[in-house]
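Report on one structure; see the data block that follows.
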Amino acid sequence: MTESNKTATLTVHGETYELPVLSPTAGPDVIDIRKLYGQAGVFTYDPGFTSTASCDSTITYIDGEKGELLHRGYPIDQLAEKSHFLEVCFLLLYGYLPKADELEQFESTITHHTMLHEQMQYFYRGFRRDAHPMAIMVGVVGAMSAFYHDSTDISDPRQREIASHRLIAKMPTIAAWAYKYHIGQPFVYPRNDLDYASNFLRMCFAVPAEDYEVNPILSRAMDRIFTLHADHEQNASTSTVRLASSSGANPFACIAAGIACLWGPAHGGANQACLEMLEEIGSVDRIPEYIARAKDKNDPFRLMGFGHRVYKNFDPRAKVMKQSADEVLDLLGIENNPKLQVAKALEKQALEDPYFAEKKLFPNVDFYSGIILEAMGFPTSMFTPIFALSRTVGWVSQWKEMIADPQNKIGRPRQLYLGETRRDYVDIENR
């Protein structure tokens with residue numbers, strides 16, 4: 001970010017103020033309003049912060065009009081095709097693609113941090129059996145601060161790095177154990193001879209009674225899901241992590257806050273909502289009815305998995321995810337699954353409808369990821385935990401960047417107050 005020679009002029013109550021304009025390496029210019037309240041005595045009003053840059057960052061850039069997503073400058077489709085998740089983790093954390101020896105060392109570090117402290121099992125057993133896996137993940141990740149005291153001093157760069165490695169490494173184990181506890185099966189421990197995605201699949205689906213061999217196509221599809229969800233700029237959960245971090249909070253607590261935010265159906269729960277929508281539609285012949293409802297402004301029904309708040313073009317992640325969906329469905333031989341038939345027909349009819357084209361409502365990554373995860377055997381309750389597992393590296397990278405930023409200060413949004421003005425207390429007998 002550089003301060004350009006351009007300025008913006010703002011007139012408030014007849015007084016004119018010159019505001020600096022900052023120029024990014026990509027994207028629109030940013031008007032610097034940091035001194036506006038001190039100079040003019042006014043705030044800006046921006047519900048949802050949709051027009052406000054709350055920080056500067058070098059990690060992820062999205063161009064919604066072009067349908068472009070870059071991690072440290074590298075397009076997401078190239079990373080999903082040519083790279084793998086742990087290499088993308090290194091890229092997000094350190095800012096560059098690793099050399100072979102660097103990647104080998106990083107993968108070894110992550111692999112040897114996947115075990116959980118044995119006493120953490122007691123946290124799982126404290127939850128009801130029917131607890132949502134996301135509820136378990138919020139509690140267990142927050143509790144990590146009670147077990148790993150040697151990586152909670154955020155002023156120490158080495159401790160920040162250790163905390164980052166632990167979170168990335170242990171999240172698959174935490175998520176898999178949440179699943180196992182949810183379905184009443186014994187926990188499966190990680191194995192150091194398996195890659196990141198294969199280890200997660202084995203911890204979810206292996207049982208002590210028989211051997212479990214991970215199919216490489218499913219492992220690759222899982223790795224792509226992780227990669228495509230690794231980071232997504234300053235979204236709701238990332239902003240939550242940054243806001244919690246701005247107070248100097250414990251790193252594990254900050255990531256737990258991000259998981260809590262991700263839980264919502266408007267954010268990380270969108271792929272679960274998409275599958276539930278397909279269940280509601282039920283059959284291909286009912287699709288026209290639901291498309292008509294989606295067009296009706298007075299009908300609360302919305303097509304989940306279509307459109308995106310940021311992308312005004314095709315979601316670049318969706319193209320890669322669709323390819324993985326075809327590979328997985330072909331491998332598993334479940335093309336005739338009614339829900340999947342509805343999904344394919346819905347996608348075809350919606351893309352051919354001028355209404356959706358005009359509003360740029362294209363299938364997004366949630367539409368395809370839910371189909372893949374269900375085909376693999378995951379219940380919808382596990383969709384958001386898998387999203388949280390994937391997004392942990394993004395949260396951690398953003399957290400590390402923020403802590404090291406000399407401009408970092410505690411978040412304190414302002415408000416437009418519309419309540420009562422000062423009034424005196426009235427004794428109860430006089431009311």
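To be explicit about the labels: the chains of the structure tokens are called A, B, and onward in the order shown, and within each one the residues are counted from 1, while ligands get numbers from 1 in the order they are shown.
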
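By chain and then residue number, the residues within 12 Å of A:Met402 are Ser54, Cys55, Asp56, Ser57, Thr58, Ile59, Ile154, Ser155, Arg160, Thr238, Ser239, Val241, Arg242, Leu243, Ala244, Ser245, Ser246, Ser247, Gly248, Pro251, Trp395, Val396, Asn408, Lys409, Ile410 and Gly411 of chain A, counting only C-alpha atoms and disregarding those fewer than 6 positions away in sequence.
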
Across A:Glu327, A:Val393, A:Arg191, A:Phe383, the smallest distance to A:Glu87, with only C-alpha atoms counted, is shown by A:Val393

Could you give me, as a VMD selection string, the residues within 10 Å of A:Phe147, counting only C-alpha atoms and dropping anything in the same chain fewer than 3 positions from it?
chain A and resid 116 to 117 119 to 120 143 to 144 150 to 151

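Atom CA of A:Met137 is found 6.9 Å from atom CA of A:Ala178.
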
- Compare A:Leu275, A:Met115, A:Ala169, A:Ile371 by their minimum atom-to-atom distance to A:Pro190, counting only C-alpha atoms, and give me the closest one.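 Nearest to A:Pro190: A:Met115.
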
For A:Arg72, please output as an MDAnalysis selection string all residues within 12 Å (counting only C-alpha atoms; exclusion window: fewer than 3 positions along the same chain). chainID A and resid 25:26 57:62 69 75:76 79 88:97 231:233 394 397

Those residues you just picked out, can you put them in a file as a PDB file, in the first residue's frame with N, CA and C atoms?
```pdb
ATOM      1  N   THR A  25      -1.610  -2.602  -4.602  1.00  0.00           N
ATOM      2  CA  THR A  25      -0.984  -3.185  -5.778  1.00  0.00           C
ATOM      3  C   THR A  25      -2.034  -3.726  -6.741  1.00  0.00           C
ATOM      4  N   ALA A  26      -3.223  -4.034  -6.238  1.00  0.00           N
ATOM      5  CA  ALA A  26      -4.347  -4.475  -7.063  1.00  0.00           C
ATOM      6  C   ALA A  26      -5.631  -4.084  -6.356  1.00  0.00           C
ATOM      7  N   SER A  57      -3.121  -6.049   3.732  1.00  0.00           N
ATOM      8  CA  SER A  57      -2.709  -7.449   3.759  1.00  0.00           C
ATOM      9  C   SER A  57      -1.989  -7.807   2.473  1.00  0.00           C
ATOM     10  N   THR A  58      -1.116  -8.801   2.556  1.00  0.00           N
ATOM     11  CA  THR A  58      -0.372  -9.277   1.381  1.00  0.00           C
ATOM     12  C   THR A  58      -0.700 -10.737   1.076  1.00  0.00           C
ATOM     13  N   ILE A  59      -1.757 -11.274   1.668  1.00  0.00           N
ATOM     14  CA  ILE A  59      -1.992 -12.722   1.600  1.00  0.00           C
ATOM     15  C   ILE A  59      -2.890 -13.120   0.424  1.00  0.00           C
ATOM     16  N   THR A  60      -4.112 -12.610   0.401  1.00  0.00           N
ATOM     17  CA  THR A  60      -5.096 -13.053  -0.591  1.00  0.00           C
ATOM     18  C   THR A  60      -5.763 -11.857  -1.251  1.00  0.00           C
ATOM     19  N   TYR A  61      -5.977 -11.978  -2.557  1.00  0.00           N
ATOM     20  CA  TYR A  61      -6.665 -10.911  -3.304  1.00  0.00           C
ATOM     21  C   TYR A  61      -7.782 -11.523  -4.145  1.00  0.00           C
ATOM     22  N   ILE A  62      -8.954 -10.905  -4.079  1.00  0.00           N
ATOM     23  CA  ILE A  62     -10.114 -11.342  -4.869  1.00  0.00           C
ATOM     24  C   ILE A  62     -10.557 -10.211  -5.782  1.00  0.00           C
ATOM     25  N   LEU A  69      -9.207 -15.250  -7.896  1.00  0.00           N
ATOM     26  CA  LEU A  69      -8.760 -15.432  -6.519  1.00  0.00           C
ATOM     27  C   LEU A  69      -7.275 -15.760  -6.537  1.00  0.00           C
ATOM     28  N   PRO A  75      -2.836 -17.747  -8.944  1.00  0.00           N
ATOM     29  CA  PRO A  75      -4.257 -18.049  -9.157  1.00  0.00           C
ATOM     30  C   PRO A  75      -4.662 -19.361  -8.496  1.00  0.00           C
ATOM     31  N   ILE A  76      -5.843 -19.390  -7.921  1.00  0.00           N
ATOM     32  CA  ILE A  76      -6.308 -20.555  -7.182  1.00  0.00           C
ATOM     33  C   ILE A  76      -6.440 -21.776  -8.084  1.00  0.00           C
ATOM     34  N   LEU A  79      -3.031 -23.368  -8.395  1.00  0.00           N
ATOM     35  CA  LEU A  79      -2.642 -24.027  -7.151  1.00  0.00           C
ATOM     36  C   LEU A  79      -3.405 -25.336  -6.958  1.00  0.00           C
ATOM     37  N   VAL A  88       0.381 -25.123  -0.259  1.00  0.00           N
ATOM     38  CA  VAL A  88      -0.395 -23.884  -0.193  1.00  0.00           C
ATOM     39  C   VAL A  88      -0.345 -23.307   1.217  1.00  0.00           C
ATOM     40  N   CYS A  89      -0.357 -24.169   2.227  1.00  0.00           N
ATOM     41  CA  CYS A  89      -0.209 -23.695   3.609  1.00  0.00           C
ATOM     42  C   CYS A  89       1.117 -22.950   3.784  1.00  0.00           C
ATOM     43  N   PHE A  90       2.187 -23.529   3.276  1.00  0.00           N
ATOM     44  CA  PHE A  90       3.499 -22.881   3.362  1.00  0.00           C
ATOM     45  C   PHE A  90       3.452 -21.524   2.657  1.00  0.00           C
ATOM     46  N   LEU A  91       2.849 -21.501   1.469  1.00  0.00           N
ATOM     47  CA  LEU A  91       2.748 -20.261   0.696  1.00  0.00           C
ATOM     48  C   LEU A  91       2.013 -19.179   1.476  1.00  0.00           C
ATOM     49  N   LEU A  92       0.882 -19.534   2.076  1.00  0.00           N
ATOM     50  CA  LEU A  92       0.093 -18.555   2.829  1.00  0.00           C
ATOM     51  C   LEU A  92       0.840 -18.075   4.067  1.00  0.00           C
ATOM     52  N   LEU A  93       1.520 -18.993   4.750  1.00  0.00           N
ATOM     53  CA  LEU A  93       2.210 -18.646   5.984  1.00  0.00           C
ATOM     54  C   LEU A  93       3.451 -17.797   5.748  1.00  0.00           C
ATOM     55  N   TYR A  94       4.218 -18.146   4.710  1.00  0.00           N
ATOM     56  CA  TYR A  94       5.540 -17.533   4.549  1.00  0.00           C
ATOM     57  C   TYR A  94       5.669 -16.630   3.328  1.00  0.00           C
ATOM     58  N   GLY A  95       4.691 -16.656   2.427  1.00  0.00           N
ATOM     59  CA  GLY A  95       4.685 -15.681   1.339  1.00  0.00           C
ATOM     60  C   GLY A  95       5.339 -16.110   0.049  1.00  0.00           C
ATOM     61  N   TYR A  96       5.885 -17.324  -0.012  1.00  0.00           N
ATOM     62  CA  TYR A  96       6.526 -17.771  -1.247  1.00  0.00           C
ATOM     63  C   TYR A  96       6.394 -19.287  -1.372  1.00  0.00           C
ATOM     64  N   LEU A  97       6.551 -19.785  -2.603  1.00  0.00           N
ATOM     65  CA  LEU A  97       6.508 -21.225  -2.816  1.00  0.00           C
ATOM     66  C   LEU A  97       7.821 -21.835  -2.335  1.00  0.00           C
ATOM     67  N   ASP A 231      -8.109 -19.910   2.186  1.00  0.00           N
ATOM     68  CA  ASP A 231      -8.240 -18.509   2.611  1.00  0.00           C
ATOM     69  C   ASP A 231      -9.139 -17.794   1.625  1.00  0.00           C
ATOM     70  N   HIS A 232      -9.794 -16.733   2.086  1.00  0.00           N
ATOM     71  CA  HIS A 232     -10.703 -16.011   1.194  1.00  0.00           C
ATOM     72  C   HIS A 232     -10.798 -14.546   1.584  1.00  0.00           C
ATOM     73  N   GLU A 233      -9.633 -13.958   1.812  1.00  0.00           N
ATOM     74  CA  GLU A 233      -9.518 -12.530   2.106  1.00  0.00           C
ATOM     75  C   GLU A 233     -10.222 -12.185   3.422  1.00  0.00           C
ATOM     76  N   GLY A 394      -5.653 -20.154   6.691  1.00  0.00           N
ATOM     77  CA  GLY A 394      -5.928 -18.769   6.339  1.00  0.00           C
ATOM     78  C   GLY A 394      -6.053 -17.899   7.577  1.00  0.00           C
ATOM     79  N   SER A 397      -2.594 -17.480   9.111  1.00  0.00           N
ATOM     80  CA  SER A 397      -1.762 -16.567   8.320  1.00  0.00           C
ATOM     81  C   SER A 397      -2.171 -15.121   8.552  1.00  0.00           C
TER      82      SER A 397
END
```

Top pick for closest residue to A:Trp177, considering A:Ala197, A:Ile136, A:Ile403, A:Ala350 and counting only C-alpha atoms
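The answer is A:Ile136, which sits nearest to A:Trp177.
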
- Item | Residue among A:Phe356, A:Met382, A:Arg423, A:Ile225 lying closest to A:Tyr368, counting only C-alpha atoms |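 The shortest atom-to-atom distance to A:Tyr368 comes from A:Ile225.
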
**Coordinates-based distance that separates atom CA of A:Leu346 from atom CA of A:Ser390 (Å, one decimal)** =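 Rounded to one decimal, the two atoms are 27.3 Å apart.
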
message = Taking the DSSP secondary structure from the backbone, can you list the residues of stretch 37-260 of chain A that are strand (DSSP E or B), as a list of chain:residue names?
response =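 Reading the DSSP output for stretch 37-260 of chain A, strand (DSSP E or B) covers A:Thr60, A:Tyr61, A:Ile62, A:Asp63, A:Glu68, A:Leu69, A:Leu70, A:His71, A:Tyr74, A:Pro75, A:Val207, A:Glu210.
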
### Task
Go through A:Ile428, A:Ala404, A:Leu218, A:Leu103 and flag the residue nearest A:Asp156, using only C-alpha atoms for the distances.
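With only C-alpha atoms as the atom set, the closest residue is A:Ala404.
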
message = Please list as a PyMOL selection string every residue within 12 Å of A:Ser381, counting only C-alpha atoms and excluding residues in the same chain fewer than 4 positions away.
response = chain A and resi 130-136+175+178-179+182-183+263+265+268-273+275-276+370+373-374+377+385-387

What does the file look like for those residues with N, CA and C atoms, as a PDB file, in the first residue's frame?
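The resulting file, result10.pdb, is reproduced below:
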```pdb
ATOM      1  N   ASP A 130     -25.185 -36.273  20.844  1.00  0.00           N
ATOM      2  CA  ASP A 130     -25.821 -35.642  19.689  1.00  0.00           C
ATOM      3  C   ASP A 130     -25.361 -34.204  19.479  1.00  0.00           C
ATOM      4  N   ALA A 131     -24.271 -33.808  20.148  1.00  0.00           N
ATOM      5  CA  ALA A 131     -23.744 -32.452  19.965  1.00  0.00           C
ATOM      6  C   ALA A 131     -23.260 -32.277  18.532  1.00  0.00           C
ATOM      7  N   HIS A 132     -23.485 -31.090  17.973  1.00  0.00           N
ATOM      8  CA  HIS A 132     -23.010 -30.804  16.620  1.00  0.00           C
ATOM      9  C   HIS A 132     -21.481 -30.779  16.633  1.00  0.00           C
ATOM     10  N   PRO A 133     -20.831 -31.382  15.626  1.00  0.00           N
ATOM     11  CA  PRO A 133     -19.361 -31.375  15.589  1.00  0.00           C
ATOM     12  C   PRO A 133     -18.744 -29.981  15.669  1.00  0.00           C
ATOM     13  N   MET A 134     -19.448 -28.970  15.167  1.00  0.00           N
ATOM     14  CA  MET A 134     -18.897 -27.607  15.250  1.00  0.00           C
ATOM     15  C   MET A 134     -18.877 -27.113  16.692  1.00  0.00           C
ATOM     16  N   ALA A 135     -19.880 -27.497  17.476  1.00  0.00           N
ATOM     17  CA  ALA A 135     -19.894 -27.127  18.890  1.00  0.00           C
ATOM     18  C   ALA A 135     -18.694 -27.744  19.598  1.00  0.00           C
ATOM     19  N   ILE A 136     -18.402 -28.988  19.249  1.00  0.00           N
ATOM     20  CA  ILE A 136     -17.249 -29.665  19.841  1.00  0.00           C
ATOM     21  C   ILE A 136     -15.951 -28.981  19.424  1.00  0.00           C
ATOM     22  N   ALA A 175     -11.189 -32.465  14.104  1.00  0.00           N
ATOM     23  CA  ALA A 175     -12.419 -32.605  13.322  1.00  0.00           C
ATOM     24  C   ALA A 175     -12.830 -34.073  13.194  1.00  0.00           C
ATOM     25  N   ALA A 178     -14.229 -35.316  16.407  1.00  0.00           N
ATOM     26  CA  ALA A 178     -15.580 -34.793  16.617  1.00  0.00           C
ATOM     27  C   ALA A 178     -16.598 -35.650  15.865  1.00  0.00           C
ATOM     28  N   TYR A 179     -16.207 -36.080  14.654  1.00  0.00           N
ATOM     29  CA  TYR A 179     -17.082 -36.940  13.852  1.00  0.00           C
ATOM     30  C   TYR A 179     -17.248 -38.307  14.502  1.00  0.00           C
ATOM     31  N   HIS A 182     -19.414 -38.130  17.482  1.00  0.00           N
ATOM     32  CA  HIS A 182     -20.793 -37.853  17.065  1.00  0.00           C
ATOM     33  C   HIS A 182     -21.519 -39.143  16.653  1.00  0.00           C
ATOM     34  N   ILE A 183     -20.780 -40.077  16.011  1.00  0.00           N
ATOM     35  CA  ILE A 183     -21.424 -41.298  15.521  1.00  0.00           C
ATOM     36  C   ILE A 183     -21.190 -42.487  16.452  1.00  0.00           C
ATOM     37  N   TRP A 263     -19.604 -21.117  11.588  1.00  0.00           N
ATOM     38  CA  TRP A 263     -20.709 -22.043  11.792  1.00  0.00           C
ATOM     39  C   TRP A 263     -21.996 -21.588  11.096  1.00  0.00           C
ATOM     40  N   PRO A 265     -25.051 -20.436   8.674  1.00  0.00           N
ATOM     41  CA  PRO A 265     -25.448 -20.902   7.340  1.00  0.00           C
ATOM     42  C   PRO A 265     -25.139 -19.903   6.231  1.00  0.00           C
ATOM     43  N   GLY A 268     -19.903 -20.557   6.525  1.00  0.00           N
ATOM     44  CA  GLY A 268     -19.386 -21.905   6.329  1.00  0.00           C
ATOM     45  C   GLY A 268     -20.454 -22.969   6.208  1.00  0.00           C
ATOM     46  N   GLY A 269     -21.659 -22.664   6.656  1.00  0.00           N
ATOM     47  CA  GLY A 269     -22.728 -23.657   6.582  1.00  0.00           C
ATOM     48  C   GLY A 269     -23.474 -23.659   5.263  1.00  0.00           C
ATOM     49  N   ALA A 270     -22.966 -22.914   4.274  1.00  0.00           N
ATOM     50  CA  ALA A 270     -23.694 -22.786   3.011  1.00  0.00           C
ATOM     51  C   ALA A 270     -23.779 -24.109   2.254  1.00  0.00           C
ATOM     52  N   ASN A 271     -22.705 -24.928   2.297  1.00  0.00           N
ATOM     53  CA  ASN A 271     -22.786 -26.199   1.560  1.00  0.00           C
ATOM     54  C   ASN A 271     -23.758 -27.167   2.222  1.00  0.00           C
ATOM     55  N   GLN A 272     -23.869 -27.101   3.547  1.00  0.00           N
ATOM     56  CA  GLN A 272     -24.880 -27.908   4.231  1.00  0.00           C
ATOM     57  C   GLN A 272     -26.275 -27.439   3.832  1.00  0.00           C
ATOM     58  N   ALA A 273     -26.460 -26.118   3.790  1.00  0.00           N
ATOM     59  CA  ALA A 273     -27.762 -25.572   3.382  1.00  0.00           C
ATOM     60  C   ALA A 273     -28.090 -25.965   1.944  1.00  0.00           C
ATOM     61  N   LEU A 275     -27.166 -28.800   0.360  1.00  0.00           N
ATOM     62  CA  LEU A 275     -27.630 -30.198   0.345  1.00  0.00           C
ATOM     63  C   LEU A 275     -29.034 -30.319   0.909  1.00  0.00           C
ATOM     64  N   GLU A 276     -29.345 -29.551   1.936  1.00  0.00           N
ATOM     65  CA  GLU A 276     -30.692 -29.581   2.510  1.00  0.00           C
ATOM     66  C   GLU A 276     -31.713 -29.056   1.505  1.00  0.00           C
ATOM     67  N   GLY A 370     -20.429 -29.705  -1.336  1.00  0.00           N
ATOM     68  CA  GLY A 370     -21.406 -30.493  -0.600  1.00  0.00           C
ATOM     69  C   GLY A 370     -21.706 -31.812  -1.283  1.00  0.00           C
ATOM     70  N   LEU A 373     -18.649 -34.156  -0.703  1.00  0.00           N
ATOM     71  CA  LEU A 373     -18.548 -34.634   0.678  1.00  0.00           C
ATOM     72  C   LEU A 373     -19.622 -35.672   0.997  1.00  0.00           C
ATOM     73  N   GLU A 374     -20.823 -35.451   0.477  1.00  0.00           N
ATOM     74  CA  GLU A 374     -21.868 -36.444   0.719  1.00  0.00           C
ATOM     75  C   GLU A 374     -21.540 -37.743  -0.001  1.00  0.00           C
ATOM     76  N   GLY A 377     -19.316 -39.918   1.880  1.00  0.00           N
ATOM     77  CA  GLY A 377     -19.902 -40.555   3.053  1.00  0.00           C
ATOM     78  C   GLY A 377     -20.021 -39.662   4.266  1.00  0.00           C
ATOM     79  N   PRO A 385     -17.368 -28.374   9.747  1.00  0.00           N
ATOM     80  CA  PRO A 385     -16.078 -28.688  10.372  1.00  0.00           C
ATOM     81  C   PRO A 385     -14.952 -28.885   9.359  1.00  0.00           C
ATOM     82  N   ILE A 386     -15.259 -29.496   8.209  1.00  0.00           N
ATOM     83  CA  ILE A 386     -14.232 -29.669   7.177  1.00  0.00           C
ATOM     84  C   ILE A 386     -13.826 -28.314   6.611  1.00  0.00           C
ATOM     85  N   PHE A 387     -14.781 -27.415   6.465  1.00  0.00           N
ATOM     86  CA  PHE A 387     -14.487 -26.044   6.039  1.00  0.00           C
ATOM     87  C   PHE A 387     -13.568 -25.379   7.064  1.00  0.00           C
TER      88      PHE A 387
END
```

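Restricting the calculation to only C-alpha atoms, the smallest distance between A:Phe378 and any of A:Arg129, A:His13, A:Arg302, A:Lys180 is found for A:Lys180.
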